[in-house]
Each structure stands twice: as C-alpha cells, then as structure tokens.
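Data block for input.pdb (PDB, C-alpha atoms and all ligand atoms):
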```
ATOM      1  CA  MET E   1      -5.093  -3.923  -0.740  1.00  0.00           C
ATOM      2  CA  THR E   2      -3.502  -3.855  -4.188  1.00  0.00           C
ATOM      3  CA  GLY E   3      -3.579  -0.075  -4.229  1.00  0.00           C
ATOM      4  CA  CYS E   4      -2.214   0.200  -0.705  1.00  0.00           C
ATOM      5  CA  ALA E   5       0.661  -2.163  -1.523  1.00  0.00           C
ATOM      6  CA  GLU E   6       1.393  -0.240  -4.710  1.00  0.00           C
ATOM      7  CA  LEU E   7       1.417   3.041  -2.773  1.00  0.00           C
ATOM      8  CA  ILE E   8       3.821   1.676  -0.145  1.00  0.00           C
ATOM      9  CA  ASN E   9       6.030   0.109  -2.809  1.00  0.00           C
ATOM     10  CA  SER E  10       6.232   3.400  -4.709  1.00  0.00           C
ATOM     11  CA  GLY E  11       8.280   4.657  -1.757  1.00  0.00           C
ATOM     12  CA  ARG E  12      10.324   1.472  -1.324  1.00  0.00           C
ATOM     13  CA  SER E  13      11.568   1.223  -4.901  1.00  0.00           C
ATOM     14  CA  SER E  14      15.318   1.111  -5.459  1.00  0.00           C
ATOM     15  CA  ASP E  15      14.713   3.197  -8.617  1.00  0.00           C
ATOM     16  CA  GLY E  16      13.671   6.205  -6.520  1.00  0.00           C
ATOM     17  CA  ASP E  17      10.256   7.562  -5.606  1.00  0.00           C
ATOM     18  CA  GLN E  18       7.654   6.283  -8.061  1.00  0.00           C
ATOM     19  CA  LEU E  19       5.194   9.060  -7.139  1.00  0.00           C
ATOM     20  CA  PRO E  20       7.530  12.064  -7.240  1.00  0.00           C
ATOM     21  CA  ASP E  21       5.131  14.745  -8.505  1.00  0.00           C
ATOM     22  CA  LEU E  22       1.494  15.710  -8.918  1.00  0.00           C
ATOM     23  CA  PRO E  23       0.958  14.099 -12.374  1.00  0.00           C
ATOM     24  CA  ALA E  24       2.232  10.770 -11.020  1.00  0.00           C
ATOM     25  CA  VAL E  25       0.074  11.080  -7.885  1.00  0.00           C
ATOM     26  CA  GLN E  26      -2.946  12.051  -9.978  1.00  0.00           C
ATOM     27  CA  ALA E  27      -2.478   9.119 -12.374  1.00  0.00           C
ATOM     28  CA  PHE E  28      -2.164   6.761  -9.419  1.00  0.00           C
ATOM     29  CA  ALA E  29      -5.302   8.220  -7.791  1.00  0.00           C
ATOM     30  CA  ASP E  30      -7.208   7.828 -11.056  1.00  0.00           C
ATOM     31  CA  ARG E  31      -6.450   4.110 -11.078  1.00  0.00           C
ATOM     32  CA  TYR E  32      -7.608   3.584  -7.489  1.00  0.00           C
ATOM     33  CA  ALA E  33     -11.114   4.859  -7.022  1.00  0.00           C
ATOM     34  CA  PHE E  34     -10.353   8.590  -7.214  1.00  0.00           C
ATOM     35  CA  TYR E  35     -10.945   9.148 -10.881  1.00  0.00           C
ATOM     36  CA  GLY E  36     -11.564  12.816 -11.610  1.00  0.00           C
ATOM     37  CA  VAL E  37     -10.752  13.991  -8.067  1.00  0.00           C
ATOM     38  CA  PRO E  38      -8.347  16.900  -8.519  1.00  0.00           C
ATOM     39  CA  GLY E  39      -5.211  17.100  -6.384  1.00  0.00           C
ATOM     40  CA  THR E  40      -3.032  20.116  -5.622  1.00  0.00           C
ATOM     41  CA  PRO E  41       0.787  20.358  -5.386  1.00  0.00           C
ATOM     42  CA  ASP E  42       0.309  20.166  -1.611  1.00  0.00           C
ATOM     43  CA  ASP E  43      -1.051  16.633  -1.937  1.00  0.00           C
ATOM     44  CA  VAL E  44       2.313  15.234  -3.060  1.00  0.00           C
ATOM     45  CA  ALA E  45       4.142  15.929   0.213  1.00  0.00           C
ATOM     46  CA  ARG E  46       1.044  15.014   2.223  1.00  0.00           C
ATOM     47  CA  LEU E  47       0.770  11.686   0.431  1.00  0.00           C
ATOM     48  CA  HIS E  48       4.472  10.973   0.986  1.00  0.00           C
ATOM     49  CA  ARG E  49       3.987  11.500   4.721  1.00  0.00           C
ATOM     50  CA  TYR E  50       0.921   9.262   4.826  1.00  0.00           C
ATOM     51  CA  ARG E  51       2.726   6.673   2.726  1.00  0.00           C
ATOM     52  CA  ALA E  52       5.572   6.476   5.255  1.00  0.00           C
ATOM     53  CA  ARG E  53       3.026   5.821   7.982  1.00  0.00           C
ATOM     54  CA  LEU E  54       1.204   3.136   5.960  1.00  0.00           C
ATOM     55  CA  ASP E  55       4.629   1.565   5.351  1.00  0.00           C
ATOM     56  CA  GLN E  56       5.217   1.491   9.125  1.00  0.00           C
ATOM     57  CA  ILE E  57       1.829  -0.137   9.689  1.00  0.00           C
ATOM     58  CA  ALA E  58       2.590  -2.783   7.050  1.00  0.00           C
ATOM     59  CA  ALA E  59       5.922  -3.439   8.790  1.00  0.00           C
ATOM     60  CA  ASP E  60       4.126  -3.809  12.138  1.00  0.00           C
ATOM     61  CA  CYS E  61       1.706  -6.293  10.559  1.00  0.00           C
ATOM     62  CA  GLU E  62       4.583  -8.253   9.058  1.00  0.00           C
ATOM     63  CA  GLU E  63       6.240  -8.433  12.480  1.00  0.00           C
ATOM     64  CA  HIS E  64       2.923  -9.521  14.040  1.00  0.00           C
ATOM     65  CA  ALA E  65       2.915  -6.349  16.160  1.00  0.00           C
ATOM     66  CA  VAL E  66      -0.837  -6.068  15.725  1.00  0.00           C
ATOM     67  CA  ASP E  67      -1.435  -3.773  18.716  1.00  0.00           C
ATOM     68  CA  ALA E  68       1.087  -1.278  17.361  1.00  0.00           C
ATOM     69  CA  ALA E  69      -0.514  -1.487  13.906  1.00  0.00           C
ATOM     70  CA  ILE E  70      -3.963  -0.837  15.400  1.00  0.00           C
ATOM     71  CA  GLU E  71      -2.752   2.205  17.336  1.00  0.00           C
ATOM     72  CA  LYS E  72      -1.183   3.698  14.209  1.00  0.00           C
ATOM     73  CA  LEU E  73      -4.202   2.848  12.050  1.00  0.00           C
ATOM     74  CA  ASN E  74      -6.600   4.529  14.463  1.00  0.00           C
ATOM     75  CA  ALA E  75      -4.423   7.652  14.552  1.00  0.00           C
ATOM     76  CA  LEU E  76      -4.218   7.706  10.761  1.00  0.00           C
ATOM     77  CA  LEU E  77      -7.952   7.226  10.304  1.00  0.00           C
ATOM     78  CA  ALA E  78      -8.639  10.071  12.737  1.00  0.00           C
ATOM     79  CA  GLN E  79      -6.130  12.459  11.165  1.00  0.00           C
ATOM     80  CA  THR E  80      -7.306  11.850   7.607  1.00  0.00           C
ATOM     81  CA  GLY E  81     -10.833  12.704   8.744  1.00  0.00           C
ATOM     82  CA  ALA E  82     -12.176   9.307   7.730  1.00  0.00           C
ATOM     83  CA  SER E  83     -15.957   9.436   7.756  1.00  0.00           C
ATOM     84  CA  PRO E  84     -17.746   6.513   6.076  1.00  0.00           C
ATOM     85  CA  GLN E  85     -20.622   7.322   3.745  1.00  0.00           C
ATOM     86  CA  ILE E  86     -22.546   5.152   1.305  1.00  0.00           C
ATOM     87  CA  ALA E  87     -22.453   6.631  -2.172  1.00  0.00           C
ATOM     88  CA  ALA E  88     -23.803   5.669  -5.596  1.00  0.00           C
ATOM     89  CA  HIS E  89     -22.663   7.643  -8.634  1.00  0.00           C
ATOM     90  CA  ASP E  90     -21.553   7.378 -12.262  1.00  0.00           C
ATOM     91  CA  GLY E  91     -23.619   4.237 -12.790  1.00  0.00           C
ATOM     92  CA  ARG E  92     -22.001   2.419  -9.879  1.00  0.00           C
ATOM     93  CA  GLY E  93     -24.196   0.753  -7.267  1.00  0.00           C
ATOM     94  CA  PRO E  94     -24.019   1.644  -3.571  1.00  0.00           C
ATOM     95  CA  HIS E  95     -20.463   1.479  -2.223  1.00  0.00           C
ATOM     96  CA  LEU E  96     -18.545   2.897   0.723  1.00  0.00           C
ATOM     97  CA  HIS E  97     -16.688   6.180   0.607  1.00  0.00           C
ATOM     98  CA  VAL E  98     -14.335   6.463   3.525  1.00  0.00           C
ATOM     99  CA  SER E  99     -13.715  10.202   3.415  1.00  0.00           C
ATOM    100  CA  ARG E 100     -15.536  13.453   2.784  1.00  0.00           C
ATOM    101  CA  PRO E 101     -15.479  14.822  -0.769  1.00  0.00           C
ATOM    102  CA  GLU E 102     -14.060  18.155   0.442  1.00  0.00           C
ATOM    103  CA  SER E 103     -10.983  16.580   2.082  1.00  0.00           C
ATOM    104  CA  PRO E 104      -7.620  16.917   0.287  1.00  0.00           C
ATOM    105  CA  LEU E 105      -6.935  14.145  -2.233  1.00  0.00           C
ATOM    106  CA  ALA E 106      -3.965  12.808  -0.212  1.00  0.00           C
ATOM    107  CA  ASP E 107      -6.138  12.526   2.906  1.00  0.00           C
ATOM    108  CA  ARG E 108      -8.871  10.749   0.995  1.00  0.00           C
ATOM    109  CA  MET E 109      -6.408   8.273  -0.482  1.00  0.00           C
ATOM    110  CA  ALA E 110      -4.705   7.634   2.860  1.00  0.00           C
ATOM    111  CA  ALA E 111      -8.072   7.098   4.573  1.00  0.00           C
ATOM    112  CA  HIS E 112      -9.144   4.709   1.813  1.00  0.00           C
ATOM    113  CA  PHE E 113      -5.966   2.630   2.047  1.00  0.00           C
ATOM    114  CA  ALA E 114      -5.876   2.736   5.858  1.00  0.00           C
ATOM    115  CA  MET E 115      -9.405   1.345   5.817  1.00  0.00           C
ATOM    116  CA  GLY E 116      -8.269  -1.509   3.573  1.00  0.00           C
ATOM    117  CA  LEU E 117      -5.545  -2.358   6.084  1.00  0.00           C
ATOM    118  CA  ALA E 118      -8.038  -2.017   8.937  1.00  0.00           C
ATOM    119  CA  TRP E 119     -10.312  -4.630   7.361  1.00  0.00           C
ATOM    120  CA  LEU E 120      -7.389  -7.063   7.108  1.00  0.00           C
ATOM    121  CA  VAL E 121      -6.430  -6.440  10.737  1.00  0.00           C
ATOM    122  CA  VAL E 122      -9.934  -6.899  12.167  1.00  0.00           C
ATOM    123  CA  ALA E 123     -10.326 -10.067  10.089  1.00  0.00           C
ATOM    124  CA  GLY E 124      -7.239 -11.459  11.853  1.00  0.00           C
ATOM    125  CA  GLN E 125      -5.347 -11.455   8.567  1.00  0.00           C
ATOM    126  CA  ALA E 126      -2.617  -8.915   9.330  1.00  0.00           C
ATOM    127  CA  GLY E 127      -0.018 -11.688   9.127  1.00  0.00           C
ATOM    128  CA  ARG E 128      -0.694 -11.983   5.406  1.00  0.00           C
ATOM    129  CA  ILE E 129       1.143  -8.711   4.828  1.00  0.00           C
ATOM    130  CA  ARG E 130       4.667  -9.621   3.885  1.00  0.00           C
ATOM    131  CA  SER E 131       7.803  -8.225   2.228  1.00  0.00           C
ATOM    132  CA  CYS E 132       9.298  -9.905  -0.814  1.00  0.00           C
ATOM    133  CA  ASP E 133      12.024 -12.442  -0.064  1.00  0.00           C
ATOM    134  CA  SER E 134      14.072 -11.601  -3.135  1.00  0.00           C
ATOM    135  CA  PRO E 135      17.482 -10.196  -2.181  1.00  0.00           C
ATOM    136  CA  THR E 136      17.011  -7.372  -4.711  1.00  0.00           C
ATOM    137  CA  CYS E 137      13.460  -6.363  -3.797  1.00  0.00           C
ATOM    138  CA  ASN E 138      11.670  -5.080  -0.724  1.00  0.00           C
ATOM    139  CA  SER E 139       8.127  -4.861  -2.101  1.00  0.00           C
ATOM    140  CA  VAL E 140       5.222  -5.449   0.237  1.00  0.00           C
ATOM    141  CA  PHE E 141       2.434  -7.811  -0.831  1.00  0.00           C
ATOM    142  CA  VAL E 142      -0.596  -9.560   0.609  1.00  0.00           C
ATOM    143  CA  ASP E 143      -0.189 -13.315   0.719  1.00  0.00           C
ATOM    144  CA  LEU E 144      -3.559 -14.766  -0.233  1.00  0.00           C
ATOM    145  CA  SER E 145      -2.307 -18.333  -0.529  1.00  0.00           C
ATOM    146  CA  ARG E 146      -4.154 -20.869   1.611  1.00  0.00           C
ATOM    147  CA  ASN E 147      -1.185 -21.886   3.769  1.00  0.00           C
ATOM    148  CA  ARG E 148       0.428 -18.415   3.801  1.00  0.00           C
ATOM    149  CA  SER E 149       3.512 -19.738   2.100  1.00  0.00           C
ATOM    150  CA  ARG E 150       4.070 -17.108  -0.563  1.00  0.00           C
ATOM    151  CA  ARG E 151       7.557 -15.592  -0.484  1.00  0.00           C
ATOM    152  CA  TYR E 152       7.791 -13.280  -3.457  1.00  0.00           C
ATOM    153  CA  CYS E 153       5.910 -10.266  -4.798  1.00  0.00           C
ATOM    154  CA  ASP E 154       4.237 -10.208  -8.208  1.00  0.00           C
ATOM    155  CA  SER E 155       7.251  -8.960 -10.102  1.00  0.00           C
ATOM    156  CA  ARG E 156       8.318 -11.244 -12.922  1.00  0.00           C
ATOM    157  CA  THR E 157      11.895 -11.628 -11.707  1.00  0.00           C
ATOM    158  CA  CYS E 158      11.461 -11.991  -7.940  1.00  0.00           C
ATOM    159  CA  GLY E 159      10.115 -15.539  -7.780  1.00  0.00           C
ATOM    160  CA  ASN E 160      12.513 -16.648 -10.483  1.00  0.00           C
ATOM    161  CA  ARG E 161      15.056 -19.052  -8.964  1.00  0.00           C
ATOM    162  CA  LEU E 162      17.610 -18.415 -11.680  1.00  0.00           C
ATOM    163  CA  HIS E 163      17.422 -14.676 -11.024  1.00  0.00           C
ATOM    164  CA  VAL E 164      17.998 -15.132  -7.290  1.00  0.00           C
ATOM    165  CA  ALA E 165      20.803 -17.666  -7.862  1.00  0.00           C
ATOM    166  CA  ALA E 166      22.524 -15.348 -10.349  1.00  0.00           C
ATOM    167  CA  TYR E 167      22.331 -12.460  -7.856  1.00  0.00           C
ATOM    168  CA  ARG E 168      23.826 -14.579  -5.062  1.00  0.00           C
ATOM    169  CA  ALA E 169      26.601 -15.781  -7.368  1.00  0.00           C
ATOM    170  CA  ARG E 170      27.440 -12.183  -8.376  1.00  0.00           C
ATOM    171  CA  LYS E 171      27.513 -11.091  -4.746  1.00  0.00           C
ATOM    172  CA  LEU E 172      29.738 -14.008  -3.795  1.00  0.00           C
ATOM    173  CA  ALA E 173      32.101 -13.223  -6.660  1.00  0.00           C
ATOM    174  CA  ALA E 174      32.195  -9.553  -5.633  1.00  0.00           C
ATOM    175  CA  GLY E 175      32.665 -10.250  -1.952  1.00  0.00           C
TER     176      GLY E 175
HETATM  177 ZN    ZN H 201     -17.536   6.267  -5.348  1.00  0.00          ZN
HETATM  178 ZN    ZN H 202       9.805  -8.725  -5.253  1.00  0.00          ZN
END
```
Is it possible to express this structure as structure tokens?
Amino acid sequence: MTGCAELINSGRSSDGDQLPDLPAVQAFADRYAFYGVPGTPDDVARLHRYRARLDQIAADCEEHAVDAAIEKLNALLAQTGASPQIAAHDGRGPHLHVSRPESPLADRMAAHFAMGLAWLVVAGQAGRIRSCDSPTCNSVFVDLSRNRSRRYCDSRTCGNRLHVAAYRARKLAAG
C-alpha cells in the first residue's frame, strides 16, 4: 500500500503534480516493483487518469462506502487487464504478477496498486485508509495502528503539534 498511497499523494500535493513527466513516472515505477520496465510518453497521461480513480477509491474507503469502492476496483482491475500470474525472476522467489508483461506500464502499475487496495478491502480493512488531519496536508495513508487512532501521515511536520498550532495562529491572525 505504500506505493499506492505515494501514487495518490503525488496528485494531491499542494506543490503541484509530483509525477509530471515520463522520467518521474519511470523513477517511481523503478522503486515499486517495475524496475527496468520501459514506459512511453503515453503512460504519463494514462497513469494520471488511473491515479484519479485510485484516489476516488481511497476516498470511498475513507468514507466507509465499501460497496462503491468495490465497484470501482472491479472496473479498474478489468480495464487494466489484470491477470494474475506467478513469476520468479532475477533471483527472486515465486511472487505474484498482477498484469501481463505486454501491457502498458501505466496499466501494469494501476493493476498492481488496485490489487493492493483490493486485498485491504476483502480483509475488511478498508477503514484503515485515511487522509491526514493536518490543516496543511491532504495526504492519504494506511493506519496500521492497533486501535485505528492514527491521524497524521508520515511527513515530519504533520504530526507536530507546534506546526499545527502555528498554522492555526497564522490563520486566525490573517482572518
Ligand atoms: Zn516480478
Ligand atoms: Zn500529512
């Protein structure tokens, strides 16, 4: 889920799109199980479209609209041509590939991340998907705490009480 959250957050950032072009998409893919899989310029727009849909699914999960999330996940899995296969390569033991090697990189990534979300949903854990409570951040994260009490994403500033207090004080002063 880390990769899926990072993908969604790349489109939610207040600093603009964090995956704006092919080199950025390729570097991201390299870090998440698609090392050496070449993308094309077409994959950037495709990935942005899939990302918006994954974002919607995460929002559904956060709102406990599990049926809506399932409907969207099934559509996404079908459209990305998800087709599970067990593979073993490059010294790695048997593991699951969710998509066909000939599918476009964006489709393979979307299928991979949709599958990650699907596992959470079928495990009854969709409610662990949450958006950061910081007033300056909207990042999505998976709350793995035992009592589901986490409020902030991993960023260094978000969970920092002084940071939040300073922001509220500035807003109050401005308003
Ligand atoms: Zn593999
Ligand atoms: Zn945050």
If you take only C-alpha atoms and all ligand atoms and a cut-off of 6 Å, which residues of chain E touch ligand ZN 202 (chain H), and what are their nearest atom pairs and distances in Å to one decimal, in chain and number order, as CSV?
```
residue,atom,partner,partner_atom,distance
E:Cys132,CA,H:ZN202,ZN,4.6
E:Ser134,CA,H:ZN202,ZN,5.6
E:Cys137,CA,H:ZN202,ZN,4.6
E:Ser139,CA,H:ZN202,ZN,5.3
E:Tyr152,CA,H:ZN202,ZN,5.3
E:Cys153,CA,H:ZN202,ZN,4.2
E:Ser155,CA,H:ZN202,ZN,5.5
E:Cys158,CA,H:ZN202,ZN,4.5
```
Could you take the residues named above and write them with C-alpha atoms, as a PDB file, in the frame of the given file?
```
ATOM      1  CA  CYS E 132       9.298  -9.905  -0.814  1.00  0.00           C
ATOM      2  CA  SER E 134      14.072 -11.601  -3.135  1.00  0.00           C
ATOM      3  CA  CYS E 137      13.460  -6.363  -3.797  1.00  0.00           C
ATOM      4  CA  SER E 139       8.127  -4.861  -2.101  1.00  0.00           C
ATOM      5  CA  TYR E 152       7.791 -13.280  -3.457  1.00  0.00           C
ATOM      6  CA  CYS E 153       5.910 -10.266  -4.798  1.00  0.00           C
ATOM      7  CA  SER E 155       7.251  -8.960 -10.102  1.00  0.00           C
ATOM      8  CA  CYS E 158      11.461 -11.991  -7.940  1.00  0.00           C
TER       9      CYS E 158
END
```
Local residues around (7.3, 13.5, -6.8), at most 10 Å away, using only C-alpha atoms, as a PDB file with C-alpha atoms, keeping the file's coordinate frame:
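This went into selection33.pdb:
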```pdb
ATOM      1  CA  GLY E  16      13.671   6.205  -6.520  1.00  0.00           C
ATOM      2  CA  ASP E  17      10.256   7.562  -5.606  1.00  0.00           C
ATOM      3  CA  GLN E  18       7.654   6.283  -8.061  1.00  0.00           C
ATOM      4  CA  LEU E  19       5.194   9.060  -7.139  1.00  0.00           C
ATOM      5  CA  PRO E  20       7.530  12.064  -7.240  1.00  0.00           C
ATOM      6  CA  ASP E  21       5.131  14.745  -8.505  1.00  0.00           C
ATOM      7  CA  LEU E  22       1.494  15.710  -8.918  1.00  0.00           C
ATOM      8  CA  PRO E  23       0.958  14.099 -12.374  1.00  0.00           C
ATOM      9  CA  ALA E  24       2.232  10.770 -11.020  1.00  0.00           C
ATOM     10  CA  VAL E  25       0.074  11.080  -7.885  1.00  0.00           C
ATOM     11  CA  PRO E  41       0.787  20.358  -5.386  1.00  0.00           C
ATOM     12  CA  VAL E  44       2.313  15.234  -3.060  1.00  0.00           C
ATOM     13  CA  ALA E  45       4.142  15.929   0.213  1.00  0.00           C
ATOM     14  CA  LEU E  47       0.770  11.686   0.431  1.00  0.00           C
ATOM     15  CA  HIS E  48       4.472  10.973   0.986  1.00  0.00           C
TER      16      HIS E  48
END
```
Report, in Å with one decimal, the straight-line distance from CA of Ser83 (chain E) to CA of Val121 (chain E).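 Interatomic distance, CA of Ser83 (chain E) to CA of Val121 (chain E): 18.8 Å.
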Given the file shown, determine the residues that the PyMOL selection byres (((not hetatm)) within 8 of (chain H and resi 201)) selects; report them as a VMD selection string. chain E and resid 33 to 34 87 to 89 92 95 to 97
Report as an MDAnalysis selection string the full result of the PyMOL selection byres (((chain E and resi 70-75) around 8) and not hetatm) when it is applied to this structure. chainID E and resid 53 57 66:69 76:79 114 118 121
